[in-house]
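J.: For reference, this is start30.cif, and it has mmCIF, C-alpha atoms.
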```cif
data_input
#
loop_
_atom_site.label_atom_id
_atom_site.label_comp_id
_atom_site.auth_asym_id
_atom_site.auth_seq_id
_atom_site.Cartn_x
_atom_site.Cartn_y
_atom_site.Cartn_z
CA MET A 1 257.85 -120.61 346.62
CA SER A 2 258.05 -117.40 348.66
CA ALA A 3 261.46 -116.19 349.85
CA ARG A 4 260.35 -116.82 353.42
CA ALA A 5 259.36 -120.44 352.70
CA GLU A 6 262.56 -120.96 350.73
CA ILE A 7 264.91 -119.73 353.41
CA LEU A 8 263.06 -121.58 356.18
CA ALA A 9 263.23 -124.77 354.08
CA ARG A 10 266.99 -124.30 353.73
CA VAL A 11 267.34 -123.87 357.50
CA ARG A 12 265.22 -126.96 358.14
CA SER A 13 267.19 -129.13 355.75
CA ALA A 14 270.49 -127.85 357.23
CA LEU A 15 269.26 -128.94 360.66
CA ALA A 16 267.81 -132.27 359.50
CA ASP A 17 270.34 -134.20 361.62
CA VAL A 18 269.49 -132.33 364.81
CA THR A 19 266.89 -134.30 366.71
CA GLU A 20 267.47 -133.10 370.24
CA VAL A 21 266.64 -129.49 370.93
CA PRO A 22 268.35 -128.30 374.09
CA PRO A 23 265.94 -126.75 376.60
CA VAL A 24 265.80 -122.96 376.76
CA PRO A 25 267.25 -121.95 380.12
CA PRO A 26 265.01 -119.69 382.20
CA ALA A 27 265.86 -115.98 382.15
CA PRO A 28 268.17 -115.06 385.01
CA ARG A 29 266.33 -113.39 387.88
CA ARG A 30 267.69 -110.40 389.69
CA THR A 31 267.38 -110.39 393.48
CA PRO A 32 264.40 -108.22 394.41
CA VAL A 33 265.12 -104.71 395.65
CA GLU A 34 263.34 -103.02 398.52
CA ASP A 35 261.90 -100.12 396.53
CA VAL A 36 261.58 -100.84 392.80
CA VAL A 37 260.31 -97.36 391.94
CA GLU A 38 263.18 -95.67 393.76
CA HIS A 39 265.62 -98.01 391.97
CA PHE A 40 264.03 -97.00 388.65
CA ALA A 41 264.30 -93.29 389.51
CA GLU A 42 268.01 -93.66 390.36
CA ARG A 43 268.85 -95.63 387.24
CA VAL A 44 267.01 -93.24 384.91
CA ALA A 45 268.77 -90.28 386.56
CA ASP A 46 272.12 -92.05 385.97
CA TYR A 47 271.54 -91.53 382.23
CA ARG A 48 271.53 -87.73 382.67
CA ALA A 49 267.73 -87.65 382.50
CA THR A 50 265.71 -85.43 384.84
CA VAL A 51 263.49 -87.45 387.17
CA VAL A 52 260.73 -86.01 389.34
CA ARG A 53 258.00 -87.62 391.45
CA SER A 54 254.41 -86.43 391.40
CA THR A 55 251.01 -87.35 392.81
CA PRO A 56 248.13 -87.81 390.35
CA GLN A 57 246.60 -84.51 391.57
CA ASP A 58 249.78 -82.49 390.91
CA LEU A 59 250.59 -84.10 387.55
CA ALA A 60 249.44 -81.19 385.35
CA SER A 61 251.56 -78.72 387.28
CA ALA A 62 254.55 -81.13 387.23
CA VAL A 63 254.24 -81.25 383.43
CA ALA A 64 254.00 -77.46 383.22
CA ALA A 65 257.08 -77.12 385.44
CA ALA A 66 259.02 -79.55 383.26
CA LEU A 67 258.39 -77.59 380.07
CA PRO A 68 260.97 -74.95 379.17
CA ASP A 69 259.60 -71.36 379.27
CA GLY A 70 257.66 -70.50 376.11
CA ALA A 71 258.25 -73.95 374.62
CA SER A 72 255.98 -75.22 371.87
CA VAL A 73 254.54 -78.63 372.73
CA VAL A 74 252.89 -81.49 370.89
CA VAL A 75 250.72 -84.11 372.60
CA PRO A 76 248.97 -87.28 371.38
CA ALA A 77 245.25 -86.78 370.71
CA ASP A 78 244.26 -89.11 373.55
CA LEU A 79 246.57 -87.76 376.27
CA ALA A 80 244.50 -87.54 379.46
CA VAL A 81 246.72 -84.88 381.02
CA SER A 82 245.92 -81.27 380.24
CA VAL A 83 248.80 -79.36 378.66
CA PRO A 84 247.67 -75.76 377.97
CA GLY A 85 248.65 -74.43 374.56
CA ALA A 86 249.82 -77.78 373.23
CA THR A 87 249.42 -78.77 369.61
CA VAL A 88 247.31 -81.92 369.44
CA ASP A 89 248.76 -84.39 366.95
CA ASP A 90 246.26 -85.28 364.25
CA GLY A 91 248.66 -87.57 362.41
CA THR A 92 249.46 -85.05 359.66
CA LEU A 93 252.44 -83.24 361.20
CA THR A 94 255.51 -83.93 359.08
CA ALA A 95 258.98 -84.57 360.46
CA GLY A 96 259.93 -81.05 359.37
CA GLU A 97 257.01 -79.53 361.27
CA LEU A 98 257.73 -81.66 364.33
CA ASP A 99 261.34 -80.48 364.21
CA ARG A 100 260.12 -76.94 364.87
CA ILE A 101 258.25 -78.08 368.00
CA ASP A 102 260.31 -77.97 371.20
CA ALA A 103 258.79 -80.72 373.30
CA VAL A 104 256.43 -83.69 373.46
CA VAL A 105 254.46 -85.05 376.43
CA THR A 106 253.44 -88.73 376.46
CA LEU A 107 252.62 -91.62 378.73
CA ALA A 108 254.62 -94.88 378.67
CA ALA A 109 253.87 -98.62 378.69
CA VAL A 110 256.49 -100.05 381.06
CA GLY A 111 259.41 -98.82 383.17
CA ILE A 112 262.34 -101.16 383.85
CA ALA A 113 264.13 -100.39 387.11
CA GLU A 114 267.33 -102.41 386.65
CA THR A 115 268.26 -100.84 383.32
CA GLY A 116 266.51 -97.48 383.79
CA THR A 117 264.57 -98.08 380.60
CA ILE A 118 261.18 -96.75 379.54
CA VAL A 119 259.27 -98.68 376.91
CA LEU A 120 256.61 -97.10 374.73
CA ASP A 121 254.27 -99.45 372.87
CA HIS A 122 252.65 -96.43 371.21
CA GLY A 123 249.28 -97.37 372.68
CA PRO A 124 246.88 -94.93 374.43
CA GLY A 125 248.50 -91.63 375.43
CA GLN A 126 251.82 -92.47 373.79
CA GLY A 127 251.30 -91.18 370.26
CA ARG A 128 252.88 -92.31 367.01
CA ARG A 129 256.63 -92.86 366.83
CA ALA A 130 257.51 -89.63 365.02
CA ILE A 131 256.14 -87.29 367.70
CA THR A 132 258.18 -89.06 370.40
CA LEU A 133 261.40 -89.01 368.36
CA VAL A 134 261.64 -85.66 366.57
CA PRO A 135 261.01 -82.92 369.20
CA ASP A 136 264.16 -82.31 371.24
CA THR A 137 262.59 -82.68 374.70
CA HIS A 138 260.51 -85.67 375.78
CA ILE A 139 258.44 -85.37 378.93
CA CYS A 140 257.47 -88.93 379.71
CA ILE A 141 254.92 -89.84 382.37
CA VAL A 142 255.39 -93.25 383.99
CA THR A 143 253.07 -94.47 386.74
CA ALA A 144 254.57 -96.30 389.72
CA GLU A 145 252.50 -99.42 388.89
CA GLN A 146 254.12 -99.61 385.46
CA VAL A 147 257.60 -100.05 386.92
CA VAL A 148 258.97 -103.61 386.94
CA LEU A 149 262.29 -104.88 388.23
CA ASP A 150 264.06 -106.27 385.18
CA VAL A 151 263.96 -106.79 381.42
CA PRO A 152 262.37 -110.29 381.47
CA ASP A 153 259.43 -108.87 383.48
CA ALA A 154 258.97 -106.13 380.89
CA VAL A 155 259.18 -108.54 377.97
CA GLY A 156 256.42 -110.59 379.59
CA LEU A 157 254.18 -107.53 379.88
CA LEU A 158 254.89 -106.35 376.33
CA GLY A 159 254.05 -109.67 374.65
CA PRO A 160 250.43 -108.73 373.88
CA SER A 161 251.49 -105.40 372.31
CA VAL A 162 253.95 -107.12 369.98
CA ARG A 163 251.40 -109.78 369.05
CA GLN A 164 249.02 -106.97 368.07
CA GLY A 165 251.73 -105.76 365.71
CA ARG A 166 252.56 -102.62 367.67
CA PRO A 167 256.02 -101.06 367.38
CA LEU A 168 258.08 -100.63 370.55
CA THR A 169 260.50 -97.85 371.46
CA TRP A 170 262.93 -98.61 374.31
CA ILE A 171 264.35 -95.44 375.80
CA SER A 172 267.33 -95.53 378.17
CA GLY A 173 268.17 -91.90 378.81
CA PRO A 174 268.48 -89.05 376.33
CA SER A 175 269.58 -90.08 372.84
CA ALA A 176 273.37 -90.33 372.52
CA THR A 177 275.87 -92.41 370.60
CA SER A 178 279.62 -92.92 370.75
CA ASP A 179 279.65 -95.24 367.74
CA ILE A 180 281.91 -93.07 365.62
CA GLU A 181 285.47 -92.67 366.90
CA LEU A 182 284.15 -92.93 370.48
CA SER A 183 283.12 -89.26 370.51
CA ARG A 184 279.76 -88.64 372.15
CA VAL A 185 277.07 -87.19 369.88
CA GLU A 186 273.67 -86.43 371.37
CA GLY A 187 270.28 -86.41 369.68
CA VAL A 188 271.01 -88.70 366.74
CA HIS A 189 268.15 -91.16 367.26
CA GLY A 190 265.79 -89.21 369.47
CA PRO A 191 265.40 -86.27 371.87
CA ARG A 192 268.46 -84.85 373.61
CA ASN A 193 266.47 -84.07 376.77
CA LEU A 194 264.51 -86.67 378.68
CA HIS A 195 262.31 -85.58 381.57
CA VAL A 196 260.60 -88.40 383.44
CA ILE A 197 257.68 -87.82 385.79
CA ILE A 198 256.93 -90.80 388.04
CA VAL A 199 253.32 -90.67 389.20
CA GLY A 200 252.42 -92.38 392.43
CA PRO A 201 251.01 -91.79 395.85
CA ALA A 202 252.92 -89.10 397.78
CA ALA A 203 256.22 -90.56 398.94
CA MET P 204 271.38 -100.39 377.69
CA ASN P 205 271.82 -98.34 374.51
CA PRO P 206 269.67 -95.22 374.54
CA TYR P 207 267.20 -95.82 371.72
CA THR P 208 266.05 -99.23 370.54
CA SER P 209 263.13 -99.59 368.17
CA THR P 210 261.38 -102.83 367.31
CA TRP P 211 258.53 -103.24 364.92
CA SER P 212 256.35 -106.07 363.67
CA GLY P 213 255.40 -104.97 360.19
CA VAL P 214 253.31 -101.95 359.30
CA THR P 215 251.41 -99.81 361.84
CA PRO P 216 248.51 -97.82 360.35
CA GLY P 217 249.07 -94.08 360.76
CA ASP P 218 252.53 -94.52 362.21
CA GLY P 219 255.72 -94.71 360.19
CA PRO P 220 256.21 -96.35 356.77
CA GLN P 221 253.08 -97.89 355.30
CA GLU P 222 255.01 -100.39 353.21
CA VAL P 223 257.83 -102.56 354.57
CA HIS P 224 260.01 -104.94 352.59
CA VAL P 225 262.28 -107.42 354.35
CA VAL P 226 265.21 -108.87 352.43
CA LEU P 227 266.35 -112.24 353.76
CA LEU P 228 269.99 -112.78 352.87
CA ASP P 229 271.41 -116.27 353.30
CA ASN P 230 275.01 -115.53 352.27
CA GLY P 231 276.14 -119.09 352.95
CA ARG P 232 274.71 -119.26 356.48
CA THR P 233 272.60 -122.35 355.80
CA ARG P 234 275.64 -123.98 354.18
CA ALA P 235 277.55 -123.38 357.44
CA LEU P 236 274.53 -124.52 359.47
CA ALA P 237 274.48 -127.85 357.64
CA ASP P 238 278.09 -128.58 358.65
CA GLN P 239 277.88 -130.72 361.79
CA VAL P 240 281.29 -129.70 363.11
CA GLY P 241 281.41 -126.17 361.75
CA ARG P 242 277.91 -124.93 362.62
CA GLN P 243 279.16 -123.83 366.05
CA ALA P 244 280.95 -120.96 364.26
CA LEU P 245 277.53 -119.33 363.81
CA ARG P 246 277.52 -118.68 367.58
CA CYS P 247 280.17 -115.99 366.97
CA ILE P 248 279.23 -112.62 368.44
CA ARG P 249 282.01 -110.75 366.55
CA CYS P 250 283.85 -109.75 369.74
CA SER P 251 287.31 -110.15 368.13
CA ALA P 252 288.83 -111.80 371.21
CA CYS P 253 290.28 -114.60 369.03
CA LEU P 254 291.97 -112.07 366.71
CA ASN P 255 293.79 -110.37 369.54
CA VAL P 256 295.36 -113.59 370.85
CA CYS P 257 296.16 -115.23 367.50
CA PRO P 258 299.89 -115.49 366.66
CA VAL P 259 299.06 -115.87 362.96
CA TYR P 260 296.76 -112.86 362.80
CA GLU P 261 299.32 -110.80 364.71
CA ARG P 262 301.78 -111.29 361.84
CA THR P 263 299.56 -111.42 358.75
CA GLY P 264 296.94 -108.75 359.52
CA GLY P 265 293.32 -108.71 358.41
CA HIS P 266 293.67 -108.34 354.63
CA ALA P 267 295.39 -111.71 354.30
CA TYR P 268 292.04 -113.41 354.96
CA GLY P 269 290.35 -111.88 351.91
CA SER P 270 287.07 -111.38 353.76
CA VAL P 271 285.34 -109.17 356.29
CA TYR P 272 285.93 -111.97 358.80
CA PRO P 273 289.65 -112.10 359.58
CA GLY P 274 291.59 -114.00 362.23
CA PRO P 275 290.83 -117.46 363.59
CA ILE P 276 287.06 -117.07 363.27
CA GLY P 277 287.55 -115.94 359.65
CA ALA P 278 289.75 -118.95 358.97
CA ILE P 279 286.80 -121.22 359.76
CA LEU P 280 283.84 -119.00 358.83
CA ASN P 281 285.03 -118.18 355.29
CA PRO P 282 285.41 -121.80 354.13
CA LEU P 283 282.14 -122.66 355.91
CA LEU P 284 280.20 -119.82 354.23
CA ARG P 285 281.78 -120.03 350.79
CA GLY P 286 282.56 -123.74 350.55
CA VAL P 287 285.96 -125.25 349.79
CA GLY P 288 287.51 -126.44 346.54
CA HIS P 289 286.79 -123.31 344.48
CA ASP P 290 289.09 -120.60 345.73
CA GLU P 291 292.80 -120.89 346.50
CA GLN P 292 292.72 -118.26 349.25
CA VAL P 293 289.66 -119.71 351.01
CA ASP P 294 291.18 -123.20 350.85
CA SER P 295 294.42 -121.93 352.38
CA LEU P 296 292.74 -120.43 355.47
CA PRO P 297 292.28 -123.62 357.53
CA TYR P 298 296.03 -124.19 357.15
CA ALA P 299 296.93 -120.73 358.46
CA SER P 300 297.23 -122.05 362.00
CA SER P 301 299.66 -123.84 364.27
CA LEU P 302 296.60 -125.18 366.15
CA CYS P 303 297.91 -123.55 369.32
CA GLY P 304 294.36 -123.18 370.66
CA ALA P 305 294.69 -119.65 372.04
CA CYS P 306 291.51 -118.64 370.15
CA PHE P 307 289.46 -121.41 371.79
CA GLU P 308 290.64 -120.29 375.22
CA ALA P 309 289.71 -116.67 374.51
CA CYS P 310 286.31 -117.35 372.92
CA PRO P 311 283.46 -116.20 375.22
CA VAL P 312 280.94 -118.48 373.44
CA ARG P 313 283.25 -121.53 373.41
CA ILE P 314 283.65 -122.06 369.66
CA ASP P 315 286.18 -124.89 369.29
CA ILE P 316 288.07 -123.19 366.46
CA PRO P 317 291.05 -125.65 366.37
CA SER P 318 288.71 -128.64 365.87
CA VAL P 319 286.83 -126.85 363.10
CA LEU P 320 290.16 -125.89 361.46
CA VAL P 321 291.24 -129.54 361.39
CA ASP P 322 287.84 -130.61 360.05
CA GLN P 323 287.99 -127.93 357.34
CA ARG P 324 291.48 -129.13 356.34
CA ALA P 325 290.00 -132.57 355.76
CA LYS P 326 287.23 -131.00 353.66
CA VAL P 327 289.78 -129.07 351.58
CA VAL P 328 291.73 -132.29 350.94
CA ASP P 329 288.53 -134.16 350.02
CA ALA P 330 287.42 -131.39 347.67
CA ARG P 331 290.76 -131.47 345.86
CA ARG P 332 291.18 -135.24 345.76
CA GLY P 333 292.08 -136.58 342.33
CA HIS P 334 292.17 -133.25 340.53
CA ARG P 335 293.10 -129.61 340.82
CA PRO P 336 296.84 -129.45 341.41
CA SER P 337 297.47 -126.97 344.19
CA GLY P 338 300.09 -125.58 346.54
CA HIS P 339 299.77 -128.80 348.48
CA THR P 340 300.99 -131.01 345.58
CA ALA P 341 304.37 -131.76 347.15
CA GLU P 342 302.72 -132.58 350.46
CA ALA P 343 300.17 -134.82 348.76
CA LEU P 344 302.97 -136.59 346.89
CA ALA P 345 304.95 -137.16 350.09
CA PHE P 346 301.90 -138.63 351.82
CA LYS P 347 301.15 -140.85 348.83
CA GLY P 348 304.71 -142.20 349.11
CA ALA P 349 304.28 -142.68 352.84
CA ALA P 350 301.01 -144.55 352.26
CA VAL P 351 302.75 -146.99 349.88
CA ALA P 352 305.64 -147.62 352.28
CA LEU P 353 303.60 -147.84 355.49
CA SER P 354 300.83 -150.11 354.18
CA ASP P 355 303.11 -153.12 353.67
CA ALA P 356 305.63 -154.50 356.21
CA ARG P 357 308.00 -155.81 353.55
CA LYS P 358 308.06 -152.50 351.69
CA LEU P 359 308.73 -150.66 354.95
CA GLY P 360 311.53 -153.10 355.86
CA PHE P 361 313.06 -152.62 352.44
CA GLY P 362 312.81 -148.85 352.67
CA GLU P 363 314.44 -148.79 356.10
CA ARG P 364 317.70 -150.00 354.61
CA PHE P 365 318.02 -146.62 352.96
CA THR P 366 317.50 -144.53 356.09
CA ARG P 367 321.14 -143.51 356.44
CA VAL P 368 321.55 -142.82 352.70
CA GLY P 369 318.24 -140.95 352.57
CA LEU P 370 319.03 -138.72 355.53
CA GLY P 371 322.44 -137.94 354.05
CA ALA P 372 320.85 -136.98 350.74
CA ALA P 373 318.23 -134.85 352.54
CA ARG P 374 321.01 -132.97 354.38
CA ARG P 375 322.68 -132.11 351.10
CA LEU P 376 319.31 -131.08 349.57
CA GLY P 377 318.92 -128.63 352.44
CA SER P 378 321.79 -126.52 351.14
CA LEU P 379 320.02 -125.90 347.79
CA PRO P 380 319.21 -122.18 347.29
CA GLY P 381 315.42 -122.57 347.43
CA LEU P 382 315.44 -124.76 350.53
CA SER P 383 318.36 -123.43 352.55
CA LYS P 384 316.37 -120.81 354.46
CA TRP P 385 313.81 -123.33 355.66
CA ALA P 386 316.23 -126.20 356.16
CA GLY P 387 318.87 -124.01 357.81
CA ALA P 388 316.67 -123.59 360.87
CA ARG P 389 315.86 -127.29 361.16
CA ASP P 390 317.94 -130.29 362.17
CA LEU P 391 317.48 -133.77 360.74
CA PRO P 392 317.84 -136.53 363.31
CA PRO P 393 320.95 -138.75 363.13
CA ALA P 394 320.33 -142.17 361.59
CA PRO P 395 320.07 -144.89 364.27
CA PRO P 396 322.80 -147.58 364.16
CA GLU P 397 320.22 -150.23 363.29
CA SER P 398 316.47 -150.42 362.76
CA PHE P 399 314.06 -152.03 365.25
CA ARG P 400 313.52 -154.91 362.83
CA ALA P 401 317.23 -155.51 362.48
CA TRP P 402 317.64 -155.42 366.27
CA TRP P 403 314.68 -157.83 366.71
CA SER P 404 316.03 -160.47 364.33
CA ARG P 405 319.63 -160.12 365.62
CA THR P 406 318.65 -160.55 369.31
CA ASP P 407 315.76 -162.99 368.81
CA GLY P 408 313.26 -160.41 370.07
CA GLY P 409 315.50 -159.28 372.94
CA ARG P 410 316.04 -162.78 374.40
CA SER P 411 319.73 -162.80 373.62
CA GLU P 412 320.31 -159.10 374.26
CA GLY P 413 323.30 -159.81 376.50
CA GLU P 414 325.55 -160.67 373.55
CA GLY P 415 325.89 -157.05 372.62
CA ARG P 416 326.74 -155.98 369.17
#
```
What is this file in structure tokens?
T.:
Amino acid sequence: MSARAEILARVRSALADVTEVPPVPPAPRRTPVEDVVEHFAERVADYRATVVRSTPQDLASAVAAALPDGASVVVPADLAVSVPGATVDDGTLTAGELDRIDAVVTLAAVGIAETGTIVLDHGPGQGRRAITLVPDTHICIVTAEQVVLDVPDAVGLLGPSVRQGRPLTWISGPSATSDIELSRVEGVHGPRNLHVIIVGPAA
Amino acid sequence: MNPYTSTWSGVTPGDGPQEVHVVLLDNGRTRALADQVGRQALRCIRCSACLNVCPVYERTGGHAYGSVYPGPIGAILNPLLRGVGHDEQVDSLPYASSLCGACFEACPVRIDIPSVLVDQRAKVVDARRGHRPSGHTAEALAFKGAAVALSDARKLGFGERFTRVGLGAARRLGSLPGLSKWAGARDLPPAPPESFRAWWSRTDGGRSEGEGR
């Protein structure tokens, strides 16, 4: 018997007397806001991230403006935005090599307005996990259509990605933790600088 | 939301570890899950609200529980996870409570800790029935005596004749060195002038109460 079958059998026999399964209550819904994208921009900025708006035409220059002067950059091989001088990830860069690269530019899968969260499902234009976690600056491009109001909406959209076995990275502001003695340490789990470009029709 | 949260569903080709092993650790959870009264303890979110309000925890501190789960939740979770009847310390935990209920009031997920404590006490008694002398021997003996006296009306009536003598003896016992500290803070009730049975037969069930005594 596999460990999985064994432990599930133990759970089933422990619950043998439970016949009625209480219904799962629906996820609480937040009251809609007037401008979801604006709400998203405010909440992301609350996390000490830089947020700018751009039209599709001006995207390349918005990316260039976001990059620190003379910064080395890595991009996923299938990124549709042109980033002059960027290293294109071929999957062989090690963590040590990525650590010497200043910034990464990627797309995203979903933006969540209520929590100011960006979710990567590491699909097209988002690269593998290591390139989004090791460089110290992440320039993340989110389109206005990708922004949803709340977490349950995002979970609904991400279902197919999870079923395909894709990993997810949920980013809520630059990486920081106060786990140890309540002192704030930045950059433990990911980049210390988060720069979000929201692409949509001119506001 | 916390800044970085990663989820993964196994191995992703070309991204991250190419071999993933998952260790499923039961650690007594299915034992606790099988307990109809106690399974609610698995709802615990480890917030520690019950510890902060517990008068017992306030005085004993965390190490007294002999586990990573101290306080009221530890007093039910440890016997549920490890089972009773094997370990003196685990078996003592359900008794480390005055059943004041402060933990139940503080619990954000409504775990009825006092009810589970009482249920676990019953399980400890059942596990130790008939063998394993323990710290509760004197208590068990007293209850055995009570069961003999209370199960038969004639035995109870006979025993009641010794109420005054018994209480007097108990008062003198209270001054013994080992008991004086405990007994010194407690008063024994005065013996009533007559028992209910004696009153009933003397007054014909209250019908001739007027006669006085």
J.: Given the PyMOL selection byres ((chain P) within 9 of (chain A)) and the file above, list the residues it selects as a PyMOL selection string.
T.: chain P and resi 204-215+217-219+226-229+232-239
J.: I'd like to see the residues matched by the PyMOL selection byres ((chain P and resi 393) around 12) on this file, and ideally I'd get them as a list in words.
T.: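 So the PyMOL selection byres ((chain P and resi 393) around 12) ends up selecting Thr366, Arg367, Val368, Gly369, Leu370, Gly371, Ala373, Arg374, Asp390, Leu391, Pro392, Ala394, Pro395, Pro396 and Glu397 of chain P.
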J.: For Arg100 (chain A), please output as number ranges by chain all residues within 12 Å (counting all atoms listed in the file; exclusion window: fewer than 4 positions along the same chain).
T.: A: 71-74, 87, 93-96, 104, 131, 134-137
J.: Take the selection from the previous step and output its residues with C-alpha atoms, as a PDB file, keeping the file's coordinate frame.
T.:
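Okay, this is what ended up in part_18.pdb:
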```pdb
ATOM      1  CA  ALA A  71     258.250 -73.950 374.620  1.00  0.00           C
ATOM      2  CA  SER A  72     255.980 -75.220 371.870  1.00  0.00           C
ATOM      3  CA  VAL A  73     254.540 -78.630 372.730  1.00  0.00           C
ATOM      4  CA  VAL A  74     252.890 -81.490 370.890  1.00  0.00           C
ATOM      5  CA  THR A  87     249.420 -78.770 369.610  1.00  0.00           C
ATOM      6  CA  LEU A  93     252.440 -83.240 361.200  1.00  0.00           C
ATOM      7  CA  THR A  94     255.510 -83.930 359.080  1.00  0.00           C
ATOM      8  CA  ALA A  95     258.980 -84.570 360.460  1.00  0.00           C
ATOM      9  CA  GLY A  96     259.930 -81.050 359.370  1.00  0.00           C
ATOM     10  CA  VAL A 104     256.430 -83.690 373.460  1.00  0.00           C
ATOM     11  CA  ILE A 131     256.140 -87.290 367.700  1.00  0.00           C
ATOM     12  CA  VAL A 134     261.640 -85.660 366.570  1.00  0.00           C
ATOM     13  CA  PRO A 135     261.010 -82.920 369.200  1.00  0.00           C
ATOM     14  CA  ASP A 136     264.160 -82.310 371.240  1.00  0.00           C
ATOM     15  CA  THR A 137     262.590 -82.680 374.700  1.00  0.00           C
TER      16      THR A 137
END
```
J.: Pick from A:Ala41, A:Ala77, A:Ser82, A:Gly123: nearest to Gln57 (chain A), with all atoms listed in the file counted?
T.: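 The closest residue to Gln57 (chain A) is A:Ser82.
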J.: What is the distance between CA of Phe307 (chain P) and CA of Cys253 (chain P), in Å to one decimal?
T.: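 Separation between CA of Phe307 (chain P) and CA of Cys253 (chain P): 7.4 Å.
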J.: Any chance you could resolve the PyMOL selection byres ((chain P and resi 281) around 10) against this file and give the residues as JSON, numbers by chain?
T.: {"P": [231, 235, 268, 269, 270, 271, 272, 273, 276, 277, 278, 279, 280, 282, 283, 284, 285, 286, 287, 292, 293, 294, 296, 297]}
J.: Atoms to include: C-alpha atoms. Write the selected residues as a PDB file, in the frame of the given file.
T.:
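For reference, result24.pdb as written:
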```
ATOM      1  CA  GLY P 231     276.140-119.090 352.950  1.00  0.00           C
ATOM      2  CA  ALA P 235     277.550-123.380 357.440  1.00  0.00           C
ATOM      3  CA  TYR P 268     292.040-113.410 354.960  1.00  0.00           C
ATOM      4  CA  GLY P 269     290.350-111.880 351.910  1.00  0.00           C
ATOM      5  CA  SER P 270     287.070-111.380 353.760  1.00  0.00           C
ATOM      6  CA  VAL P 271     285.340-109.170 356.290  1.00  0.00           C
ATOM      7  CA  TYR P 272     285.930-111.970 358.800  1.00  0.00           C
ATOM      8  CA  PRO P 273     289.650-112.100 359.580  1.00  0.00           C
ATOM      9  CA  ILE P 276     287.060-117.070 363.270  1.00  0.00           C
ATOM     10  CA  GLY P 277     287.550-115.940 359.650  1.00  0.00           C
ATOM     11  CA  ALA P 278     289.750-118.950 358.970  1.00  0.00           C
ATOM     12  CA  ILE P 279     286.800-121.220 359.760  1.00  0.00           C
ATOM     13  CA  LEU P 280     283.840-119.000 358.830  1.00  0.00           C
ATOM     14  CA  PRO P 282     285.410-121.800 354.130  1.00  0.00           C
ATOM     15  CA  LEU P 283     282.140-122.660 355.910  1.00  0.00           C
ATOM     16  CA  LEU P 284     280.200-119.820 354.230  1.00  0.00           C
ATOM     17  CA  ARG P 285     281.780-120.030 350.790  1.00  0.00           C
ATOM     18  CA  GLY P 286     282.560-123.740 350.550  1.00  0.00           C
ATOM     19  CA  VAL P 287     285.960-125.250 349.790  1.00  0.00           C
ATOM     20  CA  GLN P 292     292.720-118.260 349.250  1.00  0.00           C
ATOM     21  CA  VAL P 293     289.660-119.710 351.010  1.00  0.00           C
ATOM     22  CA  ASP P 294     291.180-123.200 350.850  1.00  0.00           C
ATOM     23  CA  LEU P 296     292.740-120.430 355.470  1.00  0.00           C
ATOM     24  CA  PRO P 297     292.280-123.620 357.530  1.00  0.00           C
TER      25      PRO P 297
END
```
J.: I'd like the contact shell of Leu302 (chain P) - 10 Å cut-off, all atoms listed in the file, skipping same-chain residues fewer than 5 positions apart - returned as an MDAnalysis selection string.
T.: chainID P and resid 275 297 307 316:318 320:321
J.: Around the point (263.7, -107.3, 394.5), in the coordinates given by the file, pick out the residues reaching within 12 Å, counting all atoms listed in the file, and return them as a ChimeraX atom specification.
T.: /A:29-40,113-114,148-150,153
J.: Up to 12 Å from (286.9, -121.3, 372.0) in the file's coordinates: name the residues, counting only C-alpha atoms, as number ranges by chain.
T.: P: 243-244, 246-247, 251-254, 256-257, 275-276, 302-320
J.: For the atom pair CA of Arg242 (chain P) and CA of Glu291 (chain P), what is the interatomic distance in Å to one decimal place?
T.: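 So the answer is 22.3 Å.
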J.: Grab the CA of Ile141 (chain A) to CA of Arg184 (chain A) distance for me, in Å with one decimal place.
T.: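 Calculated distance between CA of Ile141 (chain A) and CA of Arg184 (chain A) is 26.9 Å.
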J.: As number ranges by chain, please: the residues near Arg389 (chain P) (cut-off 10 Å, only C-alpha atoms, same-chain neighbours under 5 positions excluded).
T.: P: 377, 383-384
